[in-house]
Each structure stands twice: as structure tokens, then as C-alpha cells.
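K.L.:
Next up is a structure, given as C-alpha cells.
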Amino acid sequence: MTEDDLLELQIPPQAEYVGTARLFLAAAGRHFELSEEAVADVKVAVSEVCADAIEDLRRPEHLRIAIRPGVDALEVAVSSEPAGIEADLEDTEPPAGEMAPFERRLREPLVHALFPHADYQPRQHRLRLSLPWELPEDIEGP
Amino acid sequence: MEPQGRVARQESDANALQPFAVASRTEGGWTVIDVRGDLDVYSSPTLRQLILDRIHRGDGRIIVDLEHVDFLDSAGVSVMVSALRQATNRNGTLALVQPGDQARRMLRLTDLDKVLPTFTSVEDAVSLGLPDMGAET
């Protein structure tokens, strides 16, 4: 297995493209022979990160979703590049005394319920998780 | 640094995926909302608005049919919660019908399966009226 086995999708941080990201994950899941349940959970986690970025006042330039196969795990990562200069991230939080929308408060516990060991940084729109995985027989090993 | 490997790009609105559809009808005194496709950050505002419109015009008993919903995330869950709150504030209620495996998992993980009554069919929801919580999941 080589660096060429990295699968990557770059999307604009717009709500209409989150479905495209899920199609990409579904295709990657078929390629790497993941279970439907695993793919469904990854779709949720990635969608939550995308939604965070889309709703951020400082929407990033783009979102990048990458899947990198290892010997016994698939690494799934979502990352973003901030638009313009770095500003104070605190300005994306609701004013004191106001609650963030329900779905925003739900995202982090939901992602960690699905993937307890995921590295999820909502403010940076970053996610990194590992899926237990066995190399399919028809894919050449490293 | 530009990443290695196969990079797919989607940068045109023409290529955007929009597999979502919603429609409403009346059955046995209930407003039934049929949802198709993915219920996420893109589509949930449409469903939220439709349900709230129905509630505000006086339709207090709402059924959301999830049989054809392929994907549900926190945005979709949030719609259900706010709709239930709005309906109960007006002495109504909201029930779900036929959530698939993925939607049921989301409802269970968020503990909403305990507060959102769920039925196996629209007919059951209509005939049973106000259900026992979670009795039909």
C-alpha cells in the first residue's frame, strides 16, 4: 500500500455539499470493505464537523476529508483551512447567557458517543479517528 | 502543501447533491409529513419550517414519516425536538414513524427515543392517538 491509496475530497463549506461528502465516504467504505454500520457512523461524525464549519462566522475556505489506509486501521480525517487572517475564535460563541443552538450542543457528545477515541476539535473543524480494519485480500499490502 | 493521492473536487453548485423531498397530508386528524432523503444541515431548515408552519396554523398533531430518510444527524434530531416542544406547547404532540436503523441509532444515542413516540406505521400512529412513549420501537 502506498501514499496513492490516500482518498481525499475537498468541498466548499456549504451545506449543499455535505451530502457529497457522505457519498464519498460511502464509496470509500465500499472500496475498503467497511461494514455498513461503520460507514453510517463515520458519515454522522464527518457531517457534524462539516456543519460546525458551515455555521461558523469565520467559515473556512474549504473542508478536506481524507481517508488513509493502514495495516490494521483506516484513518479518517477532516480538516479545514481558515479564511483570511486568524481572528479570535471566541467570537463564534454565543453571547454570555445565551445557549448555542441545540444541534451545536449535541455535536460533540454525539461524535464521542460514536467514536470515544476520536480527536474532535469543533472550533477548528478538525476530526481524526481510526476505524479497526483488515486489509481486503484484493488490495496489495504495504 | 498540496495533498498526495486521488483528489476529488466539487466546486460547482450544479454538482451539489440535493436528495431531499418533503410533503404533507392529512390523515385521521393528524398532519403527516413524509420526508425523503438525508436530513442534515442542508435539508433540516426546510423540514423545520414546514412543521412549524403547520403547528402555527393549528395542526397540533404531527406525524413525521421517516421511512424514506436515509440519514439523520444532529440537525435532523434538533428539528424533531423543537417541533415536539412547539407542538406540546399548543397541547399537541409529535410522533415518528418507521425510522430506519441509522435514524433509530441517532435517536437512541441522544436519548430522544425516550421522549419521541415512535410507531411502525402511520396507521398505527393515527389509530393509537397519543402513544405510550417508545412502545412501538
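Residues in the C-alpha cells are named by chain (A, B, ... in the order shown) and by number from 1 within that chain; ligands are numbered from 1 in the order shown.
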Report as an MDAnalysis selection string the set of chain A residues whose atoms approach chain B to within 10 Å, with distances computed over only C-alpha atoms.
P.N.:
chainID A and resid 2:12 14:24 36:37 40:41 43:45 47:48 50:52 54:55 62 64:66 68 101:111 113:114
K.L.:
Write to file, as a compact mmCIF listing (two decimals), in the first residue's frame, the residues of the selection just made, with C-alpha atoms.
P.N.:
```
# COMPACT_ATOMS: atom_id res chain seq x y z
CA THR A 2 1.37 3.40 -0.94
CA GLU A 3 0.62 7.07 -0.48
CA ASP A 4 -1.54 6.77 -3.60
CA ASP A 5 -4.06 4.87 -1.53
CA LEU A 6 -4.98 8.08 0.21
CA LEU A 7 -8.51 9.05 -0.77
CA GLU A 8 -9.36 12.70 -0.40
CA LEU A 9 -12.28 15.00 -1.08
CA GLN A 10 -12.26 18.77 -0.90
CA ILE A 11 -15.58 20.61 -0.67
CA PRO A 12 -16.68 24.18 -0.19
CA GLN A 14 -21.61 24.98 2.16
CA ALA A 15 -24.49 22.90 3.39
CA GLU A 16 -25.40 21.52 -0.02
CA TYR A 17 -22.03 19.77 -0.29
CA VAL A 18 -22.21 17.76 2.92
CA GLY A 19 -24.23 15.12 1.08
CA THR A 20 -21.40 14.87 -1.43
CA ALA A 21 -19.02 14.18 1.43
CA ARG A 22 -21.26 11.32 2.57
CA LEU A 23 -21.32 9.88 -0.95
CA PHE A 24 -17.53 9.97 -0.91
CA GLU A 36 -22.49 -0.51 6.66
CA GLU A 37 -22.70 0.34 10.34
CA ALA A 40 -23.02 5.14 8.78
CA ASP A 41 -21.25 6.26 11.95
CA LYS A 43 -20.95 9.75 7.90
CA VAL A 44 -22.52 11.22 11.05
CA ALA A 45 -19.20 12.28 12.55
CA SER A 47 -21.34 15.61 8.77
CA GLU A 48 -21.19 17.09 12.26
CA CYS A 50 -18.85 19.96 8.30
CA ALA A 51 -21.92 21.52 9.93
CA ASP A 52 -19.71 23.16 12.55
CA ILE A 54 -20.61 25.83 7.78
CA GLU A 55 -22.24 27.58 10.72
CA HIS A 62 -12.72 24.69 2.22
CA ARG A 64 -10.91 18.40 3.29
CA ILE A 65 -11.88 14.84 4.09
CA ALA A 66 -9.14 12.25 3.86
CA ARG A 68 -5.74 6.84 4.69
CA PRO A 101 -28.43 26.05 19.17
CA PHE A 102 -29.40 22.60 20.32
CA GLU A 103 -27.75 20.79 17.43
CA ARG A 104 -24.44 22.55 18.11
CA ARG A 105 -24.51 21.42 21.72
CA LEU A 106 -25.35 17.92 20.55
CA ARG A 107 -22.49 17.52 18.10
CA GLU A 108 -19.54 16.91 20.34
CA PRO A 109 -21.21 14.35 22.64
CA LEU A 110 -22.67 12.64 19.59
CA VAL A 111 -19.30 12.30 17.87
CA ALA A 113 -20.57 8.58 21.62
CA LEU A 114 -19.88 7.15 18.17
```
K.L.:
Could you write out, as a PyMOL selection string, all the residues of region 3-139 of chain A that DSSP marks as strand (DSSP E)?
P.N.:
chain A and resi 7-11+62-69+73-81+119-121+126-132
K.L.:
Take the residues just selected and output them with N, CA and C atoms as a tab-separated table (two decimals), in the first residue's frame.
P.N.:
```tsv
chain	number	residue	atom	x	y	z
A	7	LEU	N	-7.34	8.52	-0.08
A	7	LEU	CA	-8.51	9.05	-0.77
A	7	LEU	C	-8.85	10.39	-0.14
A	8	GLU	N	-9.13	11.37	-0.97
A	8	GLU	CA	-9.36	12.70	-0.40
A	8	GLU	C	-10.43	13.44	-1.20
A	9	LEU	N	-11.24	14.17	-0.47
A	9	LEU	CA	-12.28	15.00	-1.08
A	9	LEU	C	-12.18	16.40	-0.49
A	10	GLN	N	-12.25	17.38	-1.36
A	10	GLN	CA	-12.26	18.77	-0.90
A	10	GLN	C	-13.58	19.40	-1.32
A	11	ILE	N	-14.28	20.01	-0.37
A	11	ILE	CA	-15.58	20.61	-0.67
A	11	ILE	C	-15.62	22.05	-0.15
A	62	HIS	N	-12.22	25.96	2.69
A	62	HIS	CA	-12.72	24.69	2.22
A	62	HIS	C	-12.56	23.64	3.32
A	63	LEU	N	-13.20	22.52	3.11
A	63	LEU	CA	-13.08	21.38	4.01
A	63	LEU	C	-12.46	20.23	3.25
A	64	ARG	N	-11.60	19.51	3.93
A	64	ARG	CA	-10.91	18.40	3.29
A	64	ARG	C	-11.16	17.13	4.11
A	65	ILE	N	-11.62	16.12	3.43
A	65	ILE	CA	-11.88	14.84	4.09
A	65	ILE	C	-10.93	13.82	3.49
A	66	ALA	N	-10.17	13.17	4.34
A	66	ALA	CA	-9.14	12.25	3.86
A	66	ALA	C	-9.29	10.90	4.55
A	67	ILE	N	-9.08	9.86	3.78
A	67	ILE	CA	-9.08	8.50	4.31
A	67	ILE	C	-7.78	7.84	3.92
A	68	ARG	N	-7.05	7.42	4.93
A	68	ARG	CA	-5.74	6.84	4.69
A	68	ARG	C	-5.71	5.43	5.26
A	69	PRO	N	-5.49	4.42	4.43
A	69	PRO	CA	-5.45	3.06	4.94
A	69	PRO	C	-4.13	2.71	5.59
A	73	ALA	N	-5.90	-0.35	10.45
A	73	ALA	CA	-6.86	0.70	10.74
A	73	ALA	C	-6.96	1.65	9.56
A	74	LEU	N	-8.13	2.21	9.41
A	74	LEU	CA	-8.32	3.29	8.45
A	74	LEU	C	-8.34	4.59	9.23
A	75	GLU	N	-7.54	5.54	8.80
A	75	GLU	CA	-7.54	6.84	9.44
A	75	GLU	C	-8.45	7.77	8.65
A	76	VAL	N	-9.43	8.34	9.33
A	76	VAL	CA	-10.34	9.30	8.70
A	76	VAL	C	-10.09	10.66	9.31
A	77	ALA	N	-9.87	11.65	8.47
A	77	ALA	CA	-9.57	12.98	8.99
A	77	ALA	C	-10.37	14.04	8.24
A	78	VAL	N	-10.85	15.01	8.99
A	78	VAL	CA	-11.47	16.19	8.40
A	78	VAL	C	-10.64	17.38	8.86
A	79	SER	N	-10.31	18.25	7.92
A	79	SER	CA	-9.54	19.44	8.27
A	79	SER	C	-10.04	20.60	7.44
A	80	SER	N	-9.63	21.78	7.85
A	80	SER	CA	-10.06	22.97	7.12
A	80	SER	C	-8.92	23.96	7.11
A	81	GLU	N	-9.00	24.88	6.16
A	81	GLU	CA	-8.05	25.98	6.15
A	81	GLU	C	-8.83	27.24	6.42
A	119	ASP	N	-10.30	12.32	17.95
A	119	ASP	CA	-9.75	13.64	18.25
A	119	ASP	C	-10.63	14.64	17.50
A	120	TYR	N	-11.54	15.27	18.24
A	120	TYR	CA	-12.51	16.17	17.62
A	120	TYR	C	-12.33	17.56	18.20
A	121	GLN	N	-12.04	18.51	17.35
A	121	GLN	CA	-11.85	19.90	17.78
A	121	GLN	C	-12.85	20.77	17.03
A	126	ARG	N	-11.92	20.21	13.05
A	126	ARG	CA	-11.00	19.11	12.81
A	126	ARG	C	-11.49	17.85	13.48
A	127	LEU	N	-11.30	16.76	12.79
A	127	LEU	CA	-11.66	15.45	13.33
A	127	LEU	C	-10.64	14.45	12.84
A	128	ARG	N	-10.25	13.57	13.73
A	128	ARG	CA	-9.37	12.47	13.33
A	128	ARG	C	-9.81	11.23	14.10
A	129	LEU	N	-10.08	10.18	13.39
A	129	LEU	CA	-10.50	8.94	14.05
A	129	LEU	C	-9.94	7.75	13.30
A	130	SER	N	-9.86	6.65	14.03
A	130	SER	CA	-9.35	5.40	13.45
A	130	SER	C	-10.45	4.35	13.48
A	131	LEU	N	-10.55	3.64	12.38
A	131	LEU	CA	-11.51	2.54	12.30
A	131	LEU	C	-10.74	1.23	12.25
A	132	PRO	N	-11.04	0.31	13.15
A	132	PRO	CA	-10.42	-1.02	13.02
A	132	PRO	C	-10.72	-1.58	11.64
```
K.L.:
Taking into account only C-alpha atoms, which residue in the set B:Ala83, B:Val97, B:Val64, B:Ala125 is nearest to Gln49 (chain B)?
P.N.:
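Closest residue, counting only C-alpha atoms: B:Ala83.
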